Structure formats: structure tokens, C-alpha cells
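Participant: One structure is given below, represented as C-alpha cells, and several questions about it will come after.
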Amino acid sequence: KQPAIHYIKVNGFWEHNSNTTEAEKIAEIIQDLQSNNPKKTIGIVTFNYKQADLIESLIPQPLLPKEKGSIIVKNIENIQGDE
């Protein structure tokens, strides 16, 4: 059985309330997950809205769902209640 959480170290920098290197890595992982498991829902939770927005902007448009559900990117304050 695979663990639900994986730790991946990236050498990014936190500046202006976001980390571009981390966001790019997450977008890459989302693409891999979508190609291997297109029917699964992917949830990404970030520490702030700016990082969530950056990650969402890096996801290729064809992967973003036409309707809510398959990819969810939210900051920690906005994910509460969605569980």
C-alpha cells in the first residue's frame, strides 16, 4: 500500500508569498497523475492564496476540468469545510 503523502524536496525560494520552483514541480506532478489516472480527483492544499493561484496558473488548460472536481487547488483557509 502506498502512503497518502510523499515528501519531495525542491530547491526553491520563498519570495513575494510564493515559491515558483515548488509550484512548477507540483504542476509537473499533476500532469503525471492526470495522464496515469485520468479519473482520479487530485487535491492540492497550499499555505496561502498566492501560491494556490500560481500553481493553478501553471496547470495546462486542457487538464483543468470544465466542471469542478478533478483538480482542486486551494489555500489552507479555503479548503476547510470541503472535507
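Identifiers in this document derive from the order of the C-alpha cells: chains are assigned A, B, ..., residues are numbered from 1 separately in each chain, and ligands are numbered from 1 in order of occurrence.
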Identify, with DSSP run on backbone atoms, the residues in chain A assigned to alpha helix (DSSP H), and express the list as a PyMOL selection string.

Facilitator: chain A and resi 20-36+49-58+76-79

Participant: Taking the DSSP secondary structure from the backbone, can you list the residues of chain A that are strand (DSSP E or B), as a ChimeraX atom specification?

Facilitator: /A:15,18,42-46,71-75

Participant: Between A:Asp32, A:Glu24, A:Glu77, A:Glu15, which one has atoms that come closest to Ser57 of chain A, using only C-alpha atoms?

Facilitator: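 Of A:Asp32, A:Glu24, A:Glu77, A:Glu15, the one nearest Ser57 of chain A is A:Glu24, counting only C-alpha atoms.
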